[in-house]
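Everything below belongs to target_31.cif, which stores mmCIF, C-alpha atoms.
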```
data_work
#
loop_
_atom_site.group_PDB
_atom_site.id
_atom_site.type_symbol
_atom_site.label_atom_id
_atom_site.label_comp_id
_atom_site.auth_asym_id
_atom_site.auth_seq_id
_atom_site.Cartn_x
_atom_site.Cartn_y
_atom_site.Cartn_z
ATOM 1 C CA MET A 223 223.812 177.332 105.570
ATOM 2 C CA ILE A 224 222.745 173.808 106.463
ATOM 3 C CA SER A 225 219.321 172.447 105.625
ATOM 4 C CA PRO A 226 217.594 170.224 108.226
ATOM 5 C CA GLU A 227 217.806 167.315 105.777
ATOM 6 C CA GLN A 228 221.609 167.576 105.841
ATOM 7 C CA VAL A 229 221.906 167.177 109.623
ATOM 8 C CA ASP A 230 223.258 163.761 110.657
ATOM 9 C CA LEU A 231 221.663 162.751 113.962
ATOM 10 C CA SER A 232 223.123 159.242 114.102
ATOM 11 C CA THR A 233 225.092 158.296 117.191
ATOM 12 C CA GLU A 234 226.869 155.287 118.614
ATOM 13 C CA ILE A 235 227.040 153.617 122.022
ATOM 14 C CA CYS A 236 229.672 150.896 122.517
ATOM 15 C CA GLY A 237 229.675 150.108 118.812
ATOM 16 C CA VAL A 238 225.866 150.002 118.571
ATOM 17 C CA ARG A 239 224.538 152.482 116.004
ATOM 18 C CA LEU A 240 221.393 154.552 116.644
ATOM 19 C CA ALA A 241 219.742 156.418 113.765
ATOM 20 C CA ASN A 242 218.907 159.248 116.177
ATOM 21 C CA PRO A 243 219.739 159.939 119.856
ATOM 22 C CA THR A 244 216.268 159.441 121.411
ATOM 23 C CA ILE A 245 215.873 156.369 123.635
ATOM 24 C CA LEU A 246 212.815 155.086 125.467
ATOM 25 C CA ALA A 247 213.854 155.325 129.139
ATOM 26 C CA SER A 248 213.537 152.258 131.349
ATOM 27 C CA GLY A 249 210.249 151.880 133.196
ATOM 28 C CA VAL A 250 208.102 153.432 130.475
ATOM 29 C CA LEU A 251 206.185 151.148 128.066
ATOM 30 C CA GLY A 252 208.925 148.503 128.145
ATOM 31 C CA LEU A 253 207.218 145.330 129.363
ATOM 32 C CA SER A 254 206.278 143.600 126.108
ATOM 33 C CA GLY A 255 207.806 143.055 122.702
ATOM 34 C CA ASP A 256 204.738 144.466 120.984
ATOM 35 C CA VAL A 257 204.942 147.766 122.866
ATOM 36 C CA LEU A 258 208.688 148.068 122.307
ATOM 37 C CA ALA A 259 208.036 147.620 118.584
ATOM 38 C CA ARG A 260 205.374 150.368 118.672
ATOM 39 C CA VAL A 261 207.851 152.744 120.308
ATOM 40 C CA ALA A 262 210.480 151.905 117.696
ATOM 41 C CA ARG A 263 207.998 152.590 114.883
ATOM 42 C CA SER A 264 207.256 155.979 116.469
ATOM 43 C CA GLY A 265 210.846 157.042 115.806
ATOM 44 C CA ALA A 266 212.933 156.084 118.854
ATOM 45 C CA GLY A 267 216.621 155.537 118.161
ATOM 46 C CA ALA A 268 216.689 152.675 120.703
ATOM 47 C CA VAL A 269 214.372 151.160 123.311
ATOM 48 C CA VAL A 270 214.994 150.064 126.899
ATOM 49 C CA THR A 271 212.964 147.362 128.604
ATOM 50 C CA LYS A 272 211.447 147.886 132.002
ATOM 51 C CA SER A 273 213.980 146.791 134.624
ATOM 52 C CA CYS A 274 213.584 143.106 135.467
ATOM 53 C CA SER A 275 214.734 141.008 138.383
ATOM 54 C CA LEU A 276 215.669 137.365 138.820
ATOM 55 C CA LYS A 277 212.152 136.482 139.990
ATOM 56 C CA PRO A 278 208.777 138.154 139.245
ATOM 57 C CA ARG A 279 207.946 141.159 141.388
ATOM 58 C CA VAL A 280 204.440 142.538 142.000
ATOM 59 C CA GLY A 281 205.484 146.086 142.878
ATOM 60 C CA HIS A 282 203.439 148.597 144.856
ATOM 61 C CA PRO A 283 199.600 148.800 144.803
ATOM 62 C CA ASN A 284 197.860 151.682 143.037
ATOM 63 C CA PRO A 285 198.080 154.618 142.950
ATOM 64 C CA VAL A 286 201.681 154.457 141.752
ATOM 65 C CA VAL A 287 201.972 157.457 139.402
ATOM 66 C CA VAL A 288 200.779 161.057 139.757
ATOM 67 C CA ASP A 289 201.398 164.061 137.493
ATOM 68 C CA TYR A 290 201.778 167.162 139.702
ATOM 69 C CA GLY A 291 202.298 169.698 136.931
ATOM 70 C CA ALA A 292 206.005 170.430 137.270
ATOM 71 C CA GLY A 293 206.797 166.733 136.961
ATOM 72 C CA VAL A 294 205.702 163.203 137.768
ATOM 73 C CA LEU A 295 205.982 161.309 141.054
ATOM 74 C CA ASN A 296 206.064 157.528 140.776
ATOM 75 C CA ALA A 297 206.516 154.491 142.974
ATOM 76 C CA VAL A 298 205.753 151.533 140.733
ATOM 77 C CA GLY A 299 208.070 149.432 142.857
ATOM 78 C CA LEU A 300 209.952 147.786 139.985
ATOM 79 C CA ALA A 301 207.007 145.525 139.073
ATOM 80 C CA ASN A 302 208.101 143.000 136.431
ATOM 81 C CA PRO A 303 207.447 139.401 135.318
ATOM 82 C CA GLY A 304 210.971 138.177 136.097
ATOM 83 C CA VAL A 305 213.983 137.582 133.900
ATOM 84 C CA GLU A 306 212.715 134.349 132.306
ATOM 85 C CA ALA A 307 209.609 136.088 130.912
ATOM 86 C CA MET A 308 211.646 139.115 129.847
ATOM 87 C CA VAL A 309 214.042 136.929 127.872
ATOM 88 C CA ALA A 310 211.070 135.712 125.831
ATOM 89 C CA GLU A 311 209.754 139.264 125.303
ATOM 90 C CA ILE A 312 213.162 140.575 124.243
ATOM 91 C CA ARG A 313 213.516 137.759 121.716
ATOM 92 C CA ARG A 314 210.109 138.678 120.256
ATOM 93 C CA ALA A 315 211.073 142.346 120.204
ATOM 94 C CA ARG A 316 214.369 141.580 118.459
ATOM 95 C CA GLU A 317 212.528 139.870 115.615
ATOM 96 C CA MET A 318 210.148 142.804 115.202
ATOM 97 C CA LEU A 319 212.785 145.543 115.545
ATOM 98 C CA ALA A 320 215.516 143.975 113.421
ATOM 99 C CA PRO A 321 214.126 145.205 110.044
ATOM 100 C CA ALA A 322 214.141 148.794 111.345
ATOM 101 C CA GLY A 323 217.606 148.462 112.877
ATOM 102 C CA VAL A 324 216.472 149.753 116.272
ATOM 103 C CA PRO A 325 218.685 148.430 119.128
ATOM 104 C CA ILE A 326 217.267 146.939 122.347
ATOM 105 C CA ILE A 327 218.723 147.665 125.763
ATOM 106 C CA ALA A 328 217.765 145.172 128.504
ATOM 107 C CA SER A 329 217.516 146.752 131.957
ATOM 108 C CA ILE A 330 218.091 144.643 135.080
ATOM 109 C CA PHE A 331 218.140 145.121 138.846
ATOM 110 C CA ALA A 332 218.650 142.857 141.864
ATOM 111 C CA ASN A 333 218.562 142.905 145.653
ATOM 112 C CA SER A 334 222.130 141.628 146.051
ATOM 113 C CA ILE A 335 225.426 142.001 144.239
ATOM 114 C CA TYR A 336 225.446 138.256 143.528
ATOM 115 C CA ASP A 337 221.943 138.339 141.990
ATOM 116 C CA PHE A 338 222.986 141.186 139.694
ATOM 117 C CA GLY A 339 225.459 138.784 138.113
ATOM 118 C CA THR A 340 222.962 135.943 137.852
ATOM 119 C CA THR A 341 220.315 138.186 136.298
ATOM 120 C CA ALA A 342 222.841 139.573 133.808
ATOM 121 C CA ARG A 343 223.769 136.047 132.777
ATOM 122 C CA TYR A 344 220.125 135.060 132.210
ATOM 123 C CA ILE A 345 219.157 138.210 130.313
ATOM 124 C CA SER A 346 222.170 137.742 128.023
ATOM 125 C CA GLU A 347 220.435 134.648 126.591
ATOM 126 C CA ALA A 348 218.040 137.045 124.825
ATOM 127 C CA GLU A 349 221.027 138.725 123.117
ATOM 128 C CA PRO A 350 220.022 142.353 123.647
ATOM 129 C CA ASP A 351 222.364 144.893 122.070
ATOM 130 C CA LEU A 352 223.268 146.370 125.463
ATOM 131 C CA ILE A 353 222.519 145.636 129.137
ATOM 132 C CA GLU A 354 221.649 148.398 131.605
ATOM 133 C CA ALA A 355 222.335 147.659 135.279
ATOM 134 C CA ASN A 356 219.869 149.778 137.251
ATOM 135 C CA ILE A 357 221.586 150.383 140.595
ATOM 136 C CA SER A 358 219.688 153.542 141.433
ATOM 137 C CA CYS A 359 215.905 153.216 141.894
ATOM 138 C CA PRO A 360 214.940 155.378 144.910
ATOM 139 C CA ASN A 361 211.415 154.178 145.706
ATOM 140 C CA VAL A 362 212.342 150.679 146.938
ATOM 141 C CA GLU A 363 215.230 151.798 149.141
ATOM 142 C CA GLU A 364 213.402 150.865 152.365
ATOM 143 C CA GLU A 365 212.941 147.303 151.079
ATOM 144 C CA PHE A 366 216.437 146.779 149.698
ATOM 145 C CA GLY A 367 218.408 149.005 152.045
ATOM 146 C CA GLN A 368 220.818 151.599 150.697
ATOM 147 C CA ILE A 369 220.739 151.810 146.899
ATOM 148 C CA PHE A 370 223.760 150.245 145.182
ATOM 149 C CA SER A 371 224.881 153.501 143.589
ATOM 150 C CA SER A 372 225.106 155.249 146.965
ATOM 151 C CA THR A 373 228.865 154.778 147.263
ATOM 152 C CA PRO A 374 231.627 154.430 144.673
ATOM 153 C CA TYR A 375 232.836 151.194 146.298
ATOM 154 C CA VAL A 376 229.502 149.334 146.163
ATOM 155 C CA ALA A 377 228.698 150.675 142.685
ATOM 156 C CA GLY A 378 232.047 149.333 141.501
ATOM 157 C CA GLN A 379 231.407 145.940 143.089
ATOM 158 C CA VAL A 380 228.070 145.571 141.298
ATOM 159 C CA THR A 381 229.637 146.622 138.013
ATOM 160 C CA ARG A 382 232.398 143.999 138.313
ATOM 161 C CA ARG A 383 229.827 141.286 139.012
ATOM 162 C CA VAL A 384 227.689 142.211 136.011
ATOM 163 C CA LYS A 385 230.665 142.569 133.687
ATOM 164 C CA SER A 386 232.020 139.158 134.664
ATOM 165 C CA SER A 387 228.625 137.584 133.866
ATOM 166 C CA THR A 388 228.145 138.719 130.278
ATOM 167 C CA ARG A 389 229.985 139.572 127.083
ATOM 168 C CA ILE A 390 227.375 142.158 126.137
ATOM 169 C CA PRO A 391 228.395 145.808 126.754
ATOM 170 C CA VAL A 392 227.140 147.072 130.118
ATOM 171 C CA ILE A 393 225.576 150.455 130.865
ATOM 172 C CA VAL A 394 225.393 151.387 134.565
ATOM 173 C CA LYS A 395 222.495 153.650 135.590
ATOM 174 C CA LEU A 396 223.441 156.123 138.317
ATOM 175 C CA SER A 397 221.475 158.028 140.940
ATOM 176 C CA PRO A 398 221.675 161.797 141.486
ATOM 177 C CA ASN A 399 221.104 161.257 145.222
ATOM 178 C CA VAL A 400 224.804 161.049 146.094
ATOM 179 C CA PRO A 401 227.432 163.556 147.295
ATOM 180 C CA SER A 402 229.476 163.229 144.064
ATOM 181 C CA ILE A 403 228.075 161.492 140.991
ATOM 182 C CA ALA A 404 231.451 162.042 139.299
ATOM 183 C CA ASP A 405 233.161 159.868 141.944
ATOM 184 C CA VAL A 406 230.594 157.096 141.395
ATOM 185 C CA ALA A 407 231.068 157.392 137.626
ATOM 186 C CA ARG A 408 234.845 157.029 137.967
ATOM 187 C CA ALA A 409 234.345 153.939 140.150
ATOM 188 C CA VAL A 410 232.023 152.122 137.750
ATOM 189 C CA VAL A 411 234.249 152.925 134.776
ATOM 190 C CA ALA A 412 237.277 151.633 136.685
ATOM 191 C CA ALA A 413 235.257 148.463 137.358
ATOM 192 C CA GLY A 414 234.616 147.971 133.653
ATOM 193 C CA ALA A 415 231.395 149.851 132.803
ATOM 194 C CA ASP A 416 231.205 150.381 129.051
ATOM 195 C CA ALA A 417 228.736 153.269 129.328
ATOM 196 C CA ILE A 418 226.679 155.214 131.878
ATOM 197 C CA SER A 419 223.057 156.312 131.959
ATOM 198 C CA ALA A 420 222.102 159.185 134.263
ATOM 199 C CA ILE A 421 220.034 160.121 136.022
ATOM 200 C CA ASN A 422 217.398 157.927 137.622
ATOM 201 C CA THR A 423 214.474 159.644 139.325
ATOM 202 C CA VAL A 424 215.216 162.102 142.135
ATOM 203 C CA GLY A 425 214.123 161.749 145.690
ATOM 204 C CA PRO A 426 212.109 160.161 146.979
ATOM 205 C CA GLY A 427 209.524 162.923 147.204
ATOM 206 C CA MET A 428 205.998 163.040 148.603
ATOM 207 C CA LEU A 429 202.606 164.588 147.819
ATOM 208 C CA VAL A 430 199.676 164.761 150.249
ATOM 209 C CA ASP A 431 195.907 164.841 149.650
ATOM 210 C CA VAL A 432 194.906 167.679 151.971
ATOM 211 C CA GLU A 433 191.250 166.596 152.134
ATOM 212 C CA THR A 434 192.048 163.109 153.399
ATOM 213 C CA ALA A 435 195.379 164.083 154.981
ATOM 214 C CA THR A 436 197.050 161.043 153.422
ATOM 215 C CA PRO A 437 199.983 160.609 151.043
ATOM 216 C CA VAL A 438 198.860 160.435 147.403
ATOM 217 C CA LEU A 439 200.975 157.403 146.498
ATOM 218 C CA SER A 440 200.320 154.034 148.106
ATOM 219 C CA ASN A 441 204.055 153.798 148.833
ATOM 220 C CA ARG A 442 203.866 157.272 150.472
ATOM 221 C CA VAL A 443 207.030 158.367 148.643
ATOM 222 C CA GLY A 444 208.210 158.104 145.054
ATOM 223 C CA GLY A 445 210.849 159.173 142.562
ATOM 224 C CA MET A 446 210.492 162.563 140.850
ATOM 225 C CA SER A 447 210.906 162.906 137.081
ATOM 226 C CA GLY A 448 210.028 165.327 134.289
ATOM 227 C CA PRO A 449 210.818 169.001 133.642
ATOM 228 C CA ALA A 450 211.311 169.814 137.338
ATOM 229 C CA ILE A 451 214.487 167.725 137.522
ATOM 230 C CA ARG A 452 216.045 168.729 134.178
ATOM 231 C CA PRO A 453 218.524 171.284 135.584
ATOM 232 C CA LEU A 454 219.755 168.706 138.085
ATOM 233 C CA ALA A 455 220.067 166.070 135.353
ATOM 234 C CA ILE A 456 222.021 168.462 133.128
ATOM 235 C CA ARG A 457 224.456 169.205 135.956
ATOM 236 C CA CYS A 458 224.927 165.500 136.708
ATOM 237 C CA VAL A 459 225.633 164.622 133.063
ATOM 238 C CA TYR A 460 228.048 167.579 132.887
ATOM 239 C CA ASP A 461 229.905 166.306 135.976
ATOM 240 C CA ILE A 462 230.082 162.741 134.594
ATOM 241 C CA CYS A 463 231.288 163.800 131.153
ATOM 242 C CA ALA A 464 233.915 166.044 132.740
ATOM 243 C CA ALA A 465 235.192 163.024 134.684
ATOM 244 C CA VAL A 466 235.039 159.984 132.357
ATOM 245 C CA SER A 467 235.197 159.284 128.632
ATOM 246 C CA VAL A 468 232.692 156.419 128.202
ATOM 247 C CA PRO A 469 229.415 157.128 126.347
ATOM 248 C CA VAL A 470 226.705 158.686 128.527
ATOM 249 C CA ILE A 471 222.922 158.500 128.024
ATOM 250 C CA GLY A 472 221.451 161.690 129.532
ATOM 251 C CA ILE A 473 218.074 161.224 131.210
ATOM 252 C CA GLY A 474 215.897 163.642 133.149
ATOM 253 C CA GLY A 475 213.225 166.001 131.912
ATOM 254 C CA VAL A 476 214.016 165.851 128.192
ATOM 255 C CA SER A 477 210.738 166.940 126.584
ATOM 256 C CA ASP A 478 211.671 168.572 123.271
ATOM 257 C CA GLY A 479 214.497 169.097 120.821
ATOM 258 C CA ARG A 480 216.018 171.999 122.725
ATOM 259 C CA ASP A 481 216.171 169.914 125.925
ATOM 260 C CA ALA A 482 217.887 167.142 123.964
ATOM 261 C CA ALA A 483 220.411 169.603 122.512
ATOM 262 C CA GLU A 484 221.152 170.902 126.007
ATOM 263 C CA MET A 485 221.837 167.372 127.292
ATOM 264 C CA ILE A 486 224.064 166.509 124.321
ATOM 265 C CA SER A 487 225.979 169.785 124.637
ATOM 266 C CA VAL A 488 227.169 168.712 128.095
ATOM 267 C CA GLY A 489 228.498 165.459 126.662
ATOM 268 C CA ALA A 490 225.643 162.957 126.333
ATOM 269 C CA CYS A 491 225.714 160.630 123.305
ATOM 270 C CA ALA A 492 221.971 160.027 123.499
ATOM 271 C CA VAL A 493 218.960 161.098 125.585
ATOM 272 C CA GLY A 494 216.461 159.001 127.512
ATOM 273 C CA VAL A 495 212.805 160.039 127.228
ATOM 274 C CA GLY A 496 210.309 159.021 129.897
ATOM 275 C CA THR A 497 207.854 161.526 131.358
ATOM 276 C CA ALA A 498 207.512 163.251 127.977
ATOM 277 C CA VAL A 499 205.863 160.085 126.640
ATOM 278 C CA TYR A 500 203.001 160.753 129.069
ATOM 279 C CA ARG A 501 202.863 164.434 128.166
ATOM 280 C CA ARG A 502 203.297 164.361 124.331
ATOM 281 C CA GLY A 503 202.328 160.791 123.466
ATOM 282 C CA ILE A 504 204.277 157.958 121.891
ATOM 283 C CA GLU A 505 205.035 160.190 118.882
ATOM 284 C CA VAL A 506 207.386 162.223 121.113
ATOM 285 C CA PHE A 507 210.502 160.465 119.777
ATOM 286 C CA GLY A 508 209.872 161.551 116.206
ATOM 287 C CA LEU A 509 208.896 165.039 117.392
ATOM 288 C CA ILE A 510 212.075 165.507 119.457
ATOM 289 C CA THR A 511 214.219 164.221 116.593
ATOM 290 C CA GLU A 512 212.712 166.681 114.124
ATOM 291 C CA GLU A 513 212.945 169.596 116.585
ATOM 292 C CA LEU A 514 216.598 168.768 117.239
ATOM 293 C CA ARG A 515 217.285 168.570 113.504
ATOM 294 C CA GLN A 516 215.707 171.997 112.914
ATOM 295 C CA LEU A 517 217.606 173.554 115.836
ATOM 296 C CA MET A 518 220.979 172.208 114.731
ATOM 297 C CA ALA A 519 220.431 173.375 111.162
ATOM 298 C CA ARG A 520 219.562 176.868 112.430
ATOM 299 C CA ILE A 521 222.810 177.148 114.410
ATOM 300 C CA GLY A 522 224.892 175.543 111.662
ATOM 301 C CA LEU A 523 225.806 172.163 113.159
ATOM 302 C CA GLY A 524 225.861 169.302 110.667
ATOM 303 C CA SER A 525 226.217 166.305 112.975
ATOM 304 C CA LEU A 526 225.592 165.203 116.514
ATOM 305 C CA ALA A 527 229.354 164.943 117.008
ATOM 306 C CA ASP A 528 229.552 168.697 116.326
ATOM 307 C CA LEU A 529 227.050 169.375 119.118
ATOM 308 C CA ARG A 530 228.323 166.895 121.671
ATOM 309 C CA GLY A 531 230.272 168.357 124.573
ATOM 310 C CA ARG A 532 230.290 171.972 123.319
ATOM 311 C CA ALA A 533 229.443 173.209 126.826
ATOM 312 C CA LEU A 534 232.154 171.152 128.523
ATOM 313 C CA PRO A 535 235.474 172.769 129.481
ATOM 314 C CA GLU A 536 238.447 172.261 127.171
ATOM 315 C CA GLY A 537 240.219 168.995 127.916
ATOM 316 C CA ALA A 538 237.185 167.317 129.482
ATOM 317 C CA PRO A 539 237.115 163.575 128.679
ATOM 318 C CA GLY A 540 233.606 163.754 127.227
ATOM 319 C CA LYS A 541 234.131 166.790 124.999
ATOM 320 C CA GLY A 542 233.211 166.185 121.355
ATOM 321 C CA GLY A 543 233.908 163.396 118.896
ATOM 322 C CA ARG A 544 232.486 159.921 118.569
ATOM 323 C CA ARG A 545 233.419 157.723 121.473
ATOM 324 C CA ALA A 546 232.688 154.204 120.381
ATOM 325 C CA ARG A 547 234.096 151.401 122.524
#
```

Mind converting the file's structure to C-alpha cells?
Amino acid sequence: MISPEQVDLSTEICGVRLANPTILASGVLGLSGDVLARVARSGAGAVVTKSCSLKPRVGHPNPVVVDYGAGVLNAVGLANPGVEAMVAEIRRAREMLAPAGVPIIASIFANSIYDFGTTARYISEAEPDLIEANISCPNVEEEFGQIFSSTPYVAGQVTRRVKSSTRIPVIVKLSPNVPSIADVARAVVAAGADAISAINTVGPGMLVDVETATPVLSNRVGGMSGPAIRPLAIRCVYDICAAVSVPVIGIGGVSDGRDAAEMISVGACAVGVGTAVYRRGIEVFGLITEELRQLMARIGLGSLADLRGRALPEGAPGKGGRRAR
C-alpha cells in the first residue's frame, strides 16, 4: 500500500524541474508578474505567460469569452502589451517566484516566420526557464492567414527560426485542427523543438444569440476549450507521444486529478490548466495536485514516471520514464 504522502508528483521538462505537473496554460491570468506569482502560490508546478508579440496588440472588442456549459468559447485576439513590456513583467515574476522554485514559461507568437525569431530573441532577455512558440491560435486566422501549425513544413520552418534565436529550450504549441498532428510533431522535433505543448483551442466555433440573431462573440467565431474538447486533446497527446520522444505538455479540458492522470497516462509529462481556473478558481492547481496524489496512491503508483505512458502501446517513444533533455 502507498500513502498519498509517499507519491512523488515531481516532473521534468528539458531539465527544468516542476514540483507537480500542473501548469497555468497560456492566455489565462498570465499578463503580469503579480498574477503569475499568485498562481504559483496557489500550487501550480509552473506558469505560462500570455502569448506576446513583437509589438503591442489590442485584440478583439468585448465580448471575447463565453461559458456555454460544456466548455468555453473565446476570441480574445491575442491581446498583449508587446514583448518589451513582457520582458519587464517576466523579470518581476522571476524575482517573486524564485524562492518557491516555480519555473516560468514565456509564450510568444508572431505574424511572420522572421518575427517569430526576433520575438524569441527579445523575450530571451528576461531569461524565462522555457519559451513556448504558439503557432496554433485559431481565432486570428483570418487576420494572419493560415495558422503556422497547419502544415509540417511551415511548422518546422518556424521552429528552426525560433531555435536559432535563443539558447533557452523551446516548446512548440500545436493545433488539433490538422489532418495529422503526429506528422506536425515529427516535423517540429526534426527542426529542433525541445518539447511540445498540445492542444490549443479547437475550432473556431460559433454561438448565436437567438433573440438578436447575432453571433455572441464580437469576433463572431472563437476557439473552444474546456471539458468538451478533452477526448480530442487526449487523442492528440496520444498520437504525439506515440510518434516522438520529447516531453509533451497535455492541454485541453483538464479539470480534476482524474483528467490529469488520463493525460499523463497517454504520455504527457505535465498538464496545462486553463478553463478549469474559471470553473474552480485559482486554487484549482492545488486541488488537482491533491486529487492526483490520492488517485495514484489508491492504484498503487508511487511516482509520476510510473503513471506516464501506461496507456501507450509497447515501444512507443513516449512510453514511461523520465525524458529530460

Excluding Ser440 (chain A) and its own-chain neighbours fewer than 5 positions away, which residues fall within 12 Å of it when counting all atoms listed in the file? Please give them as a PDB file with C-alpha atoms, keeping the file's coordinate frame.
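Result went into out_28.pdb, see below:
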```
ATOM      1  CA  GLY A 281     205.484 146.086 142.878  1.00  0.00           C
ATOM      2  CA  HIS A 282     203.439 148.597 144.856  1.00  0.00           C
ATOM      3  CA  PRO A 283     199.600 148.800 144.803  1.00  0.00           C
ATOM      4  CA  ASN A 284     197.860 151.682 143.037  1.00  0.00           C
ATOM      5  CA  PRO A 285     198.080 154.618 142.950  1.00  0.00           C
ATOM      6  CA  VAL A 286     201.681 154.457 141.752  1.00  0.00           C
ATOM      7  CA  VAL A 287     201.972 157.457 139.402  1.00  0.00           C
ATOM      8  CA  VAL A 288     200.779 161.057 139.757  1.00  0.00           C
ATOM      9  CA  LEU A 295     205.982 161.309 141.054  1.00  0.00           C
ATOM     10  CA  ASN A 296     206.064 157.528 140.776  1.00  0.00           C
ATOM     11  CA  ALA A 297     206.516 154.491 142.974  1.00  0.00           C
ATOM     12  CA  VAL A 298     205.753 151.533 140.733  1.00  0.00           C
ATOM     13  CA  GLY A 299     208.070 149.432 142.857  1.00  0.00           C
ATOM     14  CA  ASN A 361     211.415 154.178 145.706  1.00  0.00           C
ATOM     15  CA  MET A 428     205.998 163.040 148.603  1.00  0.00           C
ATOM     16  CA  LEU A 429     202.606 164.588 147.819  1.00  0.00           C
ATOM     17  CA  VAL A 430     199.676 164.761 150.249  1.00  0.00           C
ATOM     18  CA  ASP A 431     195.907 164.841 149.650  1.00  0.00           C
TER      19      ASP A 431
END
```

To verify the selection step, state as a ChimeraX atom specification which residues the PyMOL selection byres ((chain A and resi 457-469) around 9) yields on this input.
-> /A:234-236,393,398,402-408,411,415-421,452-456,470-473,485,487-492,531,533-535,537-541,544-547

Could you tell me which of A:Asp478, A:Glu484, A:Glu354, A:Glu317 comes closest to Val506 (chain A) if we count all atoms listed in the file?
-> A:Asp478

Kindly provide the residues of region 275-305 of chain A that approach region 252-266 of chain A to within 12 Å, each paired with its closest atom pair and their distance in Å to one decimal, based on all atoms listed in the file, listed by chain and increasing number, as CSV.
```
residue,atom,partner,partner_atom,distance
A:Leu300,CA,A:Leu253,CA,11.2
A:Ala301,CA,A:Leu253,CA,9.7
A:Asn302,CA,A:Leu253,CA,7.5
A:Pro303,CA,A:Leu253,CA,8.4
A:Gly304,CA,A:Leu253,CA,10.5
A:Val305,CA,A:Leu253,CA,11.2
```

Do you know which residues are at most 12 Å from Ser248 (chain A) counting only C-alpha atoms, after dropping those on the same chain fewer than 6 positions away, and could you put them as a PyMOL selection string?
-> chain A and resi 258+268-274+300+302+326-331+353-356+358-359+395+419-423+471+473-474+493-497+499

Using only C-alpha atoms, please write the residues we just selected to a file, as an mmCIF file, keeping the file's coordinate frame.
```cif
data_model
loop_
_atom_site.group_PDB
_atom_site.id
_atom_site.type_symbol
_atom_site.label_atom_id
_atom_site.label_comp_id
_atom_site.auth_asym_id
_atom_site.auth_seq_id
_atom_site.Cartn_x
_atom_site.Cartn_y
_atom_site.Cartn_z
ATOM 1 C CA LEU A 258 208.688 148.068 122.307
ATOM 2 C CA ALA A 268 216.689 152.675 120.703
ATOM 3 C CA VAL A 269 214.372 151.160 123.311
ATOM 4 C CA VAL A 270 214.994 150.064 126.899
ATOM 5 C CA THR A 271 212.964 147.362 128.604
ATOM 6 C CA LYS A 272 211.447 147.886 132.002
ATOM 7 C CA SER A 273 213.980 146.791 134.624
ATOM 8 C CA CYS A 274 213.584 143.106 135.467
ATOM 9 C CA LEU A 300 209.952 147.786 139.985
ATOM 10 C CA ASN A 302 208.101 143.000 136.431
ATOM 11 C CA ILE A 326 217.267 146.939 122.347
ATOM 12 C CA ILE A 327 218.723 147.665 125.763
ATOM 13 C CA ALA A 328 217.765 145.172 128.504
ATOM 14 C CA SER A 329 217.516 146.752 131.957
ATOM 15 C CA ILE A 330 218.091 144.643 135.080
ATOM 16 C CA PHE A 331 218.140 145.121 138.846
ATOM 17 C CA ILE A 353 222.519 145.636 129.137
ATOM 18 C CA GLU A 354 221.649 148.398 131.605
ATOM 19 C CA ALA A 355 222.335 147.659 135.279
ATOM 20 C CA ASN A 356 219.869 149.778 137.251
ATOM 21 C CA SER A 358 219.688 153.542 141.433
ATOM 22 C CA CYS A 359 215.905 153.216 141.894
ATOM 23 C CA LYS A 395 222.495 153.650 135.590
ATOM 24 C CA SER A 419 223.057 156.312 131.959
ATOM 25 C CA ALA A 420 222.102 159.185 134.263
ATOM 26 C CA ILE A 421 220.034 160.121 136.022
ATOM 27 C CA ASN A 422 217.398 157.927 137.622
ATOM 28 C CA THR A 423 214.474 159.644 139.325
ATOM 29 C CA ILE A 471 222.922 158.500 128.024
ATOM 30 C CA ILE A 473 218.074 161.224 131.210
ATOM 31 C CA GLY A 474 215.897 163.642 133.149
ATOM 32 C CA VAL A 493 218.960 161.098 125.585
ATOM 33 C CA GLY A 494 216.461 159.001 127.512
ATOM 34 C CA VAL A 495 212.805 160.039 127.228
ATOM 35 C CA GLY A 496 210.309 159.021 129.897
ATOM 36 C CA THR A 497 207.854 161.526 131.358
ATOM 37 C CA VAL A 499 205.863 160.085 126.640
#
```

Go through A:Val392, A:Ala348, A:Ile451, A:Val280 one by one, measure the shortest atom-to-atom distance of each to Val238 (chain A) using all atoms listed in the file, and give the residue with the smallest value.
->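 Once distances to Val238 (chain A) are computed over all atoms listed in the file, the minimum belongs to A:Val392.
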
Given the file shown, enumerate the residues that the PyMOL selection byres ((chain A and resi 389) around 10) captures and present them as a list in words.
->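 Output of the PyMOL selection byres ((chain A and resi 389) around 10): Ala342, Arg343, Ser346, Glu349, Leu352, Ile353, Val384, Lys385, Ser386, Ser387, Thr388, Ile390, Pro391 and Val392 of chain A.
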
Have a look at CA of Phe338 (chain A) and CA of Thr244 (chain A) and let me know their distance in Å, one decimal.
->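 Rounded to one decimal, the two atoms are 26.7 Å apart.
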
Between CA of Arg501 (chain A) and CA of Ala241 (chain A) - distance in Å to one decimal = 23.6 Å

As a check of understanding, name the residues that the PyMOL selection byres ((chain A and resi 510) around 10) selects in the supplied structure, as a tab-separated table (two decimals) with C-alpha atoms, in the frame of the given file.
```
chain	number	residue	atom	x	y	z
A	242	ASN	CA	218.91	159.25	116.18
A	243	PRO	CA	219.74	159.94	119.86
A	244	THR	CA	216.27	159.44	121.41
A	265	GLY	CA	210.85	157.04	115.81
A	266	ALA	CA	212.93	156.08	118.85
A	476	VAL	CA	214.02	165.85	128.19
A	477	SER	CA	210.74	166.94	126.58
A	478	ASP	CA	211.67	168.57	123.27
A	479	GLY	CA	214.50	169.10	120.82
A	480	ARG	CA	216.02	172.00	122.72
A	481	ASP	CA	216.17	169.91	125.92
A	482	ALA	CA	217.89	167.14	123.96
A	483	ALA	CA	220.41	169.60	122.51
A	495	VAL	CA	212.80	160.04	127.23
A	498	ALA	CA	207.51	163.25	127.98
A	505	GLU	CA	205.04	160.19	118.88
A	506	VAL	CA	207.39	162.22	121.11
A	507	PHE	CA	210.50	160.46	119.78
A	508	GLY	CA	209.87	161.55	116.21
A	509	LEU	CA	208.90	165.04	117.39
A	511	THR	CA	214.22	164.22	116.59
A	512	GLU	CA	212.71	166.68	114.12
A	513	GLU	CA	212.94	169.60	116.58
A	514	LEU	CA	216.60	168.77	117.24
A	515	ARG	CA	217.28	168.57	113.50
A	516	GLN	CA	215.71	172.00	112.91
```

Can you pull out every residue within 10 Å of Thr373 (chain A), counting all atoms listed in the file, but drop anything in the same chain fewer than 2 positions away, and send it as a list in words?
->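 Counting only the stated atoms, we get Gln368, Ile369, Phe370, Ser371, Tyr375, Val376, Ala377, Gly378, Val400, Pro401, Ser402, Ile403, Asp405, Val406 and Ala409 of chain A.
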